[in-house]
Number of protein chains: 2
Amino acid sequence: MAVDREQFKQLLKDKGLKVTTQRLLVLEALAACPDRHLAAEEIYEMVKADYPEIGLATVYRTIQILLELHLIDRINLDDGFVRYEIGNVGMGTAKHHHHHLICMNCGKVNSFEDDLLEELEEKITRTTGFHVIDHEVKLYGYCAECGGKID
Amino acid sequence: MAVDREQFKQLLKDKGLKVTTQRLLVLEALAACPDRHLAAEEIYEMVKADYPEIGLATVYRTIQILLELHLIDRINLDDGFVRYEIGNVGMGTAKHHHHHLICMNCGKVNSFEDDLLEELEEKITRTTGFHVIDHEVKLYGYCAECGGKID
DNA sequence: ATGTCTGCAAAGTTTTTGCAGTAAT
DNA sequence: ATTACTGCAAAAACTTTGCAGACAT
């Protein structure tokens, strides 16, 4: 569902950017883990397995490009790292975001697909004039496994 | 609506912590700006106006205490600072969170009160077993002033 | 009196930047 | 042949920590 290799190459060329092994590998690392939320350091470690000479700075620079191309999303799970995950649309038309369920006990992060926020967004536009483009929702609580132990 | 000075003093004592001028001033700075979202450095600057000898480290340490006492909330507006705002309940029973509307043009952050997420939380509990305790919602878009210029 | 708290400076983390060499077009 | 890109190391930026003196109880 995410961008494929050829689309990415074309996007780079369209922007006058060069297609490099490092850039392909960084995108691939993110595409390989659609459900994890990778920090720059983790991406770096993953790419290093295939391409040991890559530098962490290149990973950070590539992440900037991927963000500008809207191929990945930034999320902050308040653990001291900024994290990234591959977007689930190719061309940026749809926005079908998911929410993050963060377990306050075990720290595990699950995703939840939902469109319920459309209603909220409409209400906001109606009452405040603010035009919503995108959103990020984090829900803190206890996951199914941890929930039993607490309640 | 936020905690008052005496409640705070009592909370500190109950925890075996000492009541100091610095701690009172940090809380007061946050209480004085319920609608801004203060970074540690900003709190530091505000307190320094009244009490120039305070150190930034003390501000950080006090923030930790206030978070543990649930007197303030942490928010991350992706601008490189962790920000804090005073909670809008005294004793932590109710949770009446607001959402943050972040203008992608001028960067201004407005708040929006709403309980629409109760429905989403219930849906999540029903379908996933995850028990939601709290949430943080960030909505990105264009504020009323900037909206006209873009659309 | 005692135990905590403070300010300062140093250290720790994550992320960014400068530069000379390397690779892509 | 250009022009952009990379890796390294240094710098930057935010936050935490160690310590000796100061303050609250």
# chains A, B, ... in the order shown; residues from 1 in each chain; ligands from 1
>>> residues_around(residues="Pro34 of chain B", least_positions_apart="4", cutoff="8 Å", atoms="only C-alpha atoms (C1' of nucleotides)", output="PyMOL selection string")
chain B and resi 30+85-86
>>> write_last_selection(atoms="N, CA, C and O atoms", output="PDB file, in the first residue's frame")
ATOM      1  N   LEU B  30       3.071  28.855  35.363  1.00  0.00           N
ATOM      2  CA  LEU B  30       2.217  28.009  34.533  1.00  0.00           C
ATOM      3  C   LEU B  30       0.743  28.379  34.726  1.00  0.00           C
ATOM      4  O   LEU B  30      -0.018  28.421  33.762  1.00  0.00           O
ATOM      5  N   GLU B  85       1.504  22.697  30.263  1.00  0.00           N
ATOM      6  CA  GLU B  85       0.418  23.613  30.584  1.00  0.00           C
ATOM      7  C   GLU B  85      -0.280  23.107  31.825  1.00  0.00           C
ATOM      8  O   GLU B  85      -0.282  21.921  32.127  1.00  0.00           O
ATOM      9  N   ILE B  86      -0.864  24.049  32.541  1.00  0.00           N
ATOM     10  CA  ILE B  86      -1.506  23.695  33.793  1.00  0.00           C
ATOM     11  C   ILE B  86      -2.757  22.872  33.510  1.00  0.00           C
ATOM     12  O   ILE B  86      -3.468  23.121  32.539  1.00  0.00           O
TER      13      ILE B  86
END
>>> interface_residues(of="chain C", to="chain A", cutoff="12 Å", atoms="only C-alpha atoms (C1' of nucleotides)", output="PyMOL selection string")
chain C and resi 13-17+22-25
>>> write_last_selection(atoms="N, CA and C atoms (P, O5', C5', C4', C3', O3' and C1' of nucleotides)", output="compact mmCIF listing (two decimals), in the first residue's frame")
# COMPACT_ATOMS: atom_id res chain seq x y z
P DT C 13 23.88 9.05 27.74
O5' DT C 13 22.57 9.49 26.93
C5' DT C 13 22.42 10.85 26.61
C4' DT C 13 21.09 11.08 25.97
C3' DT C 13 20.98 10.45 24.58
O3' DT C 13 19.65 10.09 24.28
C1' DT C 13 21.21 12.82 24.42
P DT C 14 19.41 9.18 22.97
O5' DT C 14 18.96 10.26 21.88
C5' DT C 14 17.74 10.97 22.07
C4' DT C 14 17.71 12.19 21.18
C3' DT C 14 17.70 11.89 19.68
O3' DT C 14 16.59 12.59 19.11
C1' DT C 14 19.34 13.50 20.19
P DT C 15 16.24 12.37 17.58
O5' DT C 15 17.03 13.59 16.89
C5' DT C 15 16.63 14.92 17.20
C4' DT C 15 17.56 15.91 16.53
C3' DT C 15 17.66 15.79 15.00
O3' DT C 15 17.20 17.03 14.46
C1' DT C 15 19.79 16.07 15.99
P DT C 16 17.31 17.37 12.93
O5' DT C 16 18.64 18.24 12.86
C5' DT C 16 18.76 19.38 13.70
C4' DT C 16 20.04 20.13 13.37
C3' DT C 16 20.24 20.43 11.89
O3' DT C 16 20.58 21.80 11.80
C1' DT C 16 22.16 19.36 12.78
P DT C 17 20.83 22.50 10.39
O5' DT C 17 22.42 22.56 10.30
C5' DT C 17 23.16 22.98 11.43
C4' DT C 17 24.65 23.01 11.08
C3' DT C 17 24.98 23.38 9.64
O3' DT C 17 26.08 24.27 9.66
C1' DT C 17 25.96 21.31 10.19
P DT C 22 37.56 10.06 -2.22
O5' DT C 22 36.00 9.95 -2.52
C5' DT C 22 35.14 9.44 -1.50
C4' DT C 22 33.77 9.19 -2.11
C3' DT C 22 33.80 8.43 -3.43
O3' DT C 22 32.84 7.39 -3.34
C1' DT C 22 32.57 10.45 -3.66
P DA C 23 32.61 6.38 -4.54
O5' DA C 23 31.18 6.85 -5.06
C5' DA C 23 30.11 6.98 -4.12
C4' DA C 23 28.93 7.63 -4.80
C3' DA C 23 28.52 6.96 -6.11
O3' DA C 23 27.11 6.90 -6.12
C1' DA C 23 28.93 9.24 -6.49
P DA C 24 26.33 6.08 -7.22
O5' DA C 24 25.45 7.21 -7.93
C5' DA C 24 24.44 7.86 -7.17
C4' DA C 24 23.87 9.02 -7.97
C3' DA C 24 23.26 8.63 -9.32
O3' DA C 24 22.05 9.34 -9.48
C1' DA C 24 24.96 10.24 -9.64
P DT C 25 21.00 8.98 -10.62
O5' DT C 25 21.30 10.07 -11.74
C5' DT C 25 20.82 11.40 -11.56
C4' DT C 25 21.43 12.31 -12.61
C3' DT C 25 21.08 11.93 -14.04
O3' DT C 25 20.32 12.98 -14.63
C1' DT C 25 23.38 12.48 -13.81
>>> select_by_dssp(residues="segment 1-148 of chain A", states="alpha helix (DSSP H)", output="tab-separated table (two decimals) with N, CA, C and O atoms, in the first residue's frame")
chain	number	residue	atom	x	y	z
A	5	ARG	N	9.24	1.33	-4.95
A	5	ARG	CA	10.58	1.77	-5.29
A	5	ARG	C	10.63	2.72	-6.48
A	5	ARG	O	11.32	3.73	-6.46
A	6	GLU	N	9.87	2.38	-7.53
A	6	GLU	CA	9.91	3.18	-8.76
A	6	GLU	C	9.26	4.55	-8.57
A	6	GLU	O	9.75	5.56	-9.07
A	7	GLN	N	8.15	4.54	-7.84
A	7	GLN	CA	7.50	5.82	-7.54
A	7	GLN	C	8.44	6.75	-6.79
A	7	GLN	O	8.52	7.94	-7.07
A	8	PHE	N	9.14	6.17	-5.85
A	8	PHE	CA	10.06	6.94	-5.03
A	8	PHE	C	11.17	7.52	-5.90
A	8	PHE	O	11.49	8.72	-5.82
A	9	LYS	N	11.75	6.70	-6.77
A	9	LYS	CA	12.81	7.18	-7.66
A	9	LYS	C	12.32	8.35	-8.49
A	9	LYS	O	13.01	9.35	-8.68
A	10	GLN	N	11.09	8.22	-8.98
A	10	GLN	CA	10.54	9.28	-9.81
A	10	GLN	C	10.34	10.57	-9.02
A	10	GLN	O	10.66	11.66	-9.49
A	11	LEU	N	9.84	10.41	-7.79
A	11	LEU	CA	9.63	11.58	-6.93
A	11	LEU	C	10.94	12.30	-6.68
A	11	LEU	O	11.00	13.53	-6.70
A	12	LEU	N	12.00	11.54	-6.47
A	12	LEU	CA	13.31	12.15	-6.26
A	12	LEU	C	13.73	12.92	-7.50
A	12	LEU	O	14.11	14.09	-7.42
A	13	LYS	N	13.62	12.27	-8.65
A	13	LYS	CA	14.04	12.92	-9.90
A	13	LYS	C	13.25	14.19	-10.16
A	13	LYS	O	13.80	15.22	-10.55
A	14	ASP	N	11.93	14.11	-9.92
A	14	ASP	CA	11.08	15.28	-10.14
A	14	ASP	C	11.52	16.47	-9.31
A	14	ASP	O	11.29	17.62	-9.67
A	21	THR	N	21.72	4.72	-3.18
A	21	THR	CA	21.49	3.48	-2.43
A	21	THR	C	20.99	3.78	-1.03
A	21	THR	O	20.05	3.15	-0.54
A	22	GLN	N	21.63	4.76	-0.40
A	22	GLN	CA	21.25	5.09	0.97
A	22	GLN	C	19.78	5.48	1.08
A	22	GLN	O	19.06	5.04	1.99
A	23	ARG	N	19.33	6.30	0.15
A	23	ARG	CA	17.94	6.75	0.21
A	23	ARG	C	16.98	5.60	-0.01
A	23	ARG	O	15.94	5.50	0.66
A	24	LEU	N	17.31	4.72	-0.94
A	24	LEU	CA	16.45	3.57	-1.18
A	24	LEU	C	16.40	2.68	0.06
A	24	LEU	O	15.33	2.20	0.44
A	25	LEU	N	17.54	2.51	0.70
A	25	LEU	CA	17.58	1.61	1.86
A	25	LEU	C	16.83	2.18	3.06
A	25	LEU	O	16.19	1.45	3.80
A	26	VAL	N	16.91	3.49	3.23
A	26	VAL	CA	16.18	4.10	4.35
A	26	VAL	C	14.67	3.93	4.14
A	26	VAL	O	13.94	3.52	5.05
A	27	LEU	N	14.22	4.20	2.93
A	27	LEU	CA	12.79	4.02	2.67
A	27	LEU	C	12.38	2.56	2.85
A	27	LEU	O	11.34	2.26	3.43
A	28	GLU	N	13.25	1.67	2.40
A	28	GLU	CA	12.93	0.25	2.51
A	28	GLU	C	12.84	-0.21	3.98
A	28	GLU	O	11.99	-1.01	4.32
A	29	ALA	N	13.71	0.32	4.78
A	29	ALA	CA	13.67	-0.02	6.20
A	29	ALA	C	12.33	0.38	6.80
A	29	ALA	O	11.69	-0.39	7.52
A	30	LEU	N	11.89	1.58	6.47
A	30	LEU	CA	10.60	2.06	6.98
A	30	LEU	C	9.45	1.25	6.40
A	30	LEU	O	8.50	0.91	7.11
A	31	ALA	N	9.54	0.92	5.12
A	31	ALA	CA	8.47	0.17	4.48
A	31	ALA	C	8.39	-1.25	5.03
A	31	ALA	O	7.32	-1.86	5.07
A	32	ALA	N	9.53	-1.77	5.47
A	32	ALA	CA	9.57	-3.13	6.00
A	32	ALA	C	8.93	-3.23	7.38
A	32	ALA	O	8.60	-4.32	7.83
A	40	ALA	N	15.33	7.35	14.40
A	40	ALA	CA	16.42	7.49	13.44
A	40	ALA	C	17.52	6.46	13.70
A	40	ALA	O	18.02	5.82	12.79
A	41	GLU	N	17.85	6.31	14.94
A	41	GLU	CA	18.90	5.36	15.33
A	41	GLU	C	18.55	3.94	14.92
A	41	GLU	O	19.41	3.17	14.49
A	42	GLU	N	17.27	3.58	15.05
A	42	GLU	CA	16.84	2.23	14.68
A	42	GLU	C	16.91	2.03	13.17
A	42	GLU	O	17.31	0.96	12.69
A	43	ILE	N	16.52	3.04	12.44
A	43	ILE	CA	16.63	2.96	10.99
A	43	ILE	C	18.10	2.79	10.60
A	43	ILE	O	18.45	1.95	9.77
A	44	TYR	N	18.92	3.58	11.24
A	44	TYR	CA	20.38	3.52	11.02
A	44	TYR	C	20.90	2.11	11.23
A	44	TYR	O	21.61	1.55	10.38
A	45	GLU	N	20.51	1.49	12.32
A	45	GLU	CA	20.96	0.13	12.62
A	45	GLU	C	20.46	-0.87	11.57
A	45	GLU	O	21.19	-1.75	11.14
A	46	MET	N	19.22	-0.68	11.16
A	46	MET	CA	18.66	-1.60	10.16
A	46	MET	C	19.40	-1.48	8.83
A	46	MET	O	19.74	-2.49	8.21
A	47	VAL	N	19.64	-0.26	8.40
A	47	VAL	CA	20.31	-0.06	7.11
A	47	VAL	C	21.75	-0.55	7.19
A	47	VAL	O	22.28	-1.13	6.24
A	48	LYS	N	22.37	-0.34	8.33
A	48	LYS	CA	23.77	-0.74	8.48
A	48	LYS	C	23.97	-2.23	8.26
A	48	LYS	O	25.05	-2.67	7.84
A	49	ALA	N	22.94	-3.02	8.53
A	49	ALA	CA	23.05	-4.46	8.32
A	49	ALA	C	23.37	-4.78	6.86
A	49	ALA	O	24.16	-5.67	6.56
A	50	ASP	N	22.74	-4.01	5.94
A	50	ASP	CA	22.97	-4.24	4.51
A	50	ASP	C	24.07	-3.38	3.94
A	50	ASP	O	24.60	-3.68	2.87
A	56	LEU	N	24.92	8.06	10.27
A	56	LEU	CA	23.67	8.47	10.91
A	56	LEU	C	23.16	9.79	10.33
A	56	LEU	O	21.96	9.99	10.16
A	57	ALA	N	24.08	10.67	9.97
A	57	ALA	CA	23.67	11.97	9.41
A	57	ALA	C	22.89	11.79	8.12
A	57	ALA	O	21.93	12.51	7.86
A	58	THR	N	23.28	10.82	7.33
A	58	THR	CA	22.57	10.55	6.09
A	58	THR	C	21.15	10.08	6.38
A	58	THR	O	20.20	10.43	5.66
A	59	VAL	N	21.01	9.28	7.42
A	59	VAL	CA	19.67	8.82	7.79
A	59	VAL	C	18.80	10.03	8.15
A	59	VAL	O	17.68	10.17	7.65
A	60	TYR	N	19.33	10.92	8.96
A	60	TYR	CA	18.56	12.10	9.33
A	60	TYR	C	18.22	12.94	8.11
A	60	TYR	O	17.10	13.44	7.96
A	61	ARG	N	19.18	13.11	7.19
A	61	ARG	CA	18.93	13.93	6.00
A	61	ARG	C	17.89	13.27	5.10
A	61	ARG	O	17.03	13.94	4.52
A	62	THR	N	17.93	11.95	5.03
A	62	THR	CA	16.95	11.25	4.19
A	62	THR	C	15.56	11.33	4.80
A	62	THR	O	14.56	11.49	4.09
A	63	ILE	N	15.49	11.24	6.11
A	63	ILE	CA	14.20	11.36	6.78
A	63	ILE	C	13.56	12.71	6.44
A	63	ILE	O	12.35	12.79	6.18
A	64	GLN	N	14.35	13.76	6.42
A	64	GLN	CA	13.81	15.08	6.05
A	64	GLN	C	13.18	15.05	4.66
A	64	GLN	O	12.09	15.58	4.46
A	65	ILE	N	13.87	14.42	3.73
A	65	ILE	CA	13.34	14.34	2.36
A	65	ILE	C	12.04	13.54	2.34
A	65	ILE	O	11.06	13.96	1.73
A	66	LEU	N	12.03	12.42	3.04
A	66	LEU	CA	10.83	11.58	3.05
A	66	LEU	C	9.66	12.31	3.68
A	66	LEU	O	8.51	12.15	3.25
A	67	LEU	N	9.93	13.12	4.69
A	67	LEU	CA	8.85	13.91	5.29
A	67	LEU	C	8.33	14.93	4.29
A	67	LEU	O	7.12	15.10	4.14
A	68	GLU	N	9.25	15.60	3.59
A	68	GLU	CA	8.82	16.61	2.62
A	68	GLU	C	8.03	16.00	1.47
A	68	GLU	O	7.14	16.64	0.92
A	117	LEU	N	-12.91	10.95	13.64
A	117	LEU	CA	-12.50	12.33	13.83
A	117	LEU	C	-13.03	13.27	12.75
A	117	LEU	O	-12.99	14.48	12.93
A	118	GLU	N	-13.53	12.70	11.66
A	118	GLU	CA	-14.11	13.56	10.62
A	118	GLU	C	-15.16	14.47	11.25
A	118	GLU	O	-15.22	15.65	10.98
A	119	GLU	N	-15.95	13.85	12.12
A	119	GLU	CA	-17.03	14.58	12.78
A	119	GLU	C	-16.48	15.72	13.62
A	119	GLU	O	-16.98	16.85	13.60
A	120	LEU	N	-15.43	15.40	14.36
A	120	LEU	CA	-14.80	16.42	15.20
A	120	LEU	C	-14.22	17.54	14.34
A	120	LEU	O	-14.38	18.72	14.65
A	121	GLU	N	-13.59	17.16	13.25
A	121	GLU	CA	-12.97	18.16	12.38
A	121	GLU	C	-14.01	19.11	11.80
A	121	GLU	O	-13.80	20.32	11.71
A	122	GLU	N	-15.14	18.52	11.44
A	122	GLU	CA	-16.22	19.35	10.87
A	122	GLU	C	-16.74	20.32	11.92
A	122	GLU	O	-16.96	21.50	11.65
A	123	LYS	N	-16.89	19.82	13.13
A	123	LYS	CA	-17.38	20.65	14.22
A	123	LYS	C	-16.43	21.81	14.50
A	123	LYS	O	-16.84	22.94	14.76
A	124	ILE	N	-15.14	21.51	14.41
A	124	ILE	CA	-14.15	22.56	14.65
A	124	ILE	C	-14.22	23.63	13.57
A	124	ILE	O	-14.24	24.83	13.86
A	125	THR	N	-14.29	23.21	12.32
A	125	THR	CA	-14.37	24.16	11.23
A	125	THR	C	-15.61	25.03	11.39
A	125	THR	O	-15.55	26.25	11.23
A	126	ARG	N	-16.70	24.41	11.73
A	126	ARG	CA	-17.97	25.12	11.88
A	126	ARG	C	-17.90	26.15	13.01
A	126	ARG	O	-18.35	27.28	12.86
A	127	THR	N	-17.33	25.78	14.15
A	127	THR	CA	-17.38	26.67	15.29
A	127	THR	C	-16.19	27.63	15.39
A	127	THR	O	-16.33	28.70	15.97
A	128	THR	N	-15.05	27.27	14.83
A	128	THR	CA	-13.88	28.13	15.03
A	128	THR	C	-13.31	28.72	13.75
A	128	THR	O	-12.50	29.63	13.80
A	144	ALA	N	-4.97	-4.81	26.40
A	144	ALA	CA	-5.76	-5.97	26.84
A	144	ALA	C	-4.98	-6.84	27.83
A	144	ALA	O	-5.51	-7.25	28.86
A	145	GLU	N	-3.70	-7.08	27.54
A	145	GLU	CA	-2.91	-7.93	28.43
A	145	GLU	C	-2.68	-7.28	29.80
A	145	GLU	O	-2.79	-7.91	30.82
A	146	CYS	N	-2.34	-6.01	29.77
A	146	CYS	CA	-2.02	-5.34	31.03
A	146	CYS	C	-3.28	-4.92	31.79
A	146	CYS	O	-3.26	-4.78	33.02
A	147	GLY	N	-4.36	-4.70	31.08
A	147	GLY	CA	-5.59	-4.19	31.69
A	147	GLY	C	-6.07	-5.05	32.84
A	147	GLY	O	-6.40	-4.55	33.91
A	148	GLY	N	-6.07	-6.38	32.63
A	148	GLY	CA	-6.54	-7.29	33.66
A	148	GLY	C	-5.79	-7.17	34.96
A	148	GLY	O	-6.35	-7.22	36.05
>>> select_by_dssp(residues="chain B", states="strand (DSSP E or B)", output="number ranges by chain")
B: 38-39, 72-76, 82-86, 98-103, 109-113, 131-142
>>> interface_residues(of="chain A", to="chain B", cutoff="7 Å", atoms="only C-alpha atoms", output="PyMOL selection string")
chain A and resi 116+120+129-144+147
>>> residues_around(residues="DC19 of chain D", least_positions_apart="5", cutoff="12 Å", atoms="only C-alpha atoms (C1' of nucleotides)", output="list in words")
DT6, DG7, DC8, DA9 and DA10 of chain C
>>> closest_atom_pairs(of="chain D", to="chain B", cutoff="9 Å", atoms="only C-alpha atoms (C1' of nucleotides)", output="Markdown table")
| residue | atom | partner | partner_atom | distance |
| --- | --- | --- | --- | --- |
| D:DA13 | C1' | B:Gly80 | CA | 8.5 |
| D:DC14 | C1' | B:Phe81 | CA | 7.2 |
| D:DT15 | C1' | B:Tyr60 | CA | 7.9 |
| D:DT16 | C1' | B:Ala57 | CA | 8.2 |
| D:DC23 | C1' | B:Thr20 | CA | 8.5 |
| D:DA24 | C1' | B:Lys18 | CA | 6.3 |
| D:DT25 | C1' | B:Lys18 | CA | 8.1 |
>>> write_last_selection(atoms="C-alpha atoms (C1' of nucleotides)", output="tab-separated table (two decimals), in the first residue's frame")
chain	number	residue	atom	x	y	z
D	13	DA	C1'	20.22	22.28	21.31
D	14	DC	C1'	17.54	20.51	24.99
D	15	DT	C1'	17.66	18.07	29.32
D	16	DT	C1'	19.79	15.62	33.24
D	23	DC	C1'	17.23	26.45	52.98
D	24	DA	C1'	12.90	24.28	54.98
D	25	DT	C1'	11.17	21.64	58.67
>>> atom_distance(atom1="atom C1' of DT4 of chain C", atom2="atom CA of Leu71 of chain B")
21.4 Å
>>> atom_distance(atom1="atom CA of Gly107 of chain A", atom2="atom CA of Leu69 of chain B")
20.7 Å
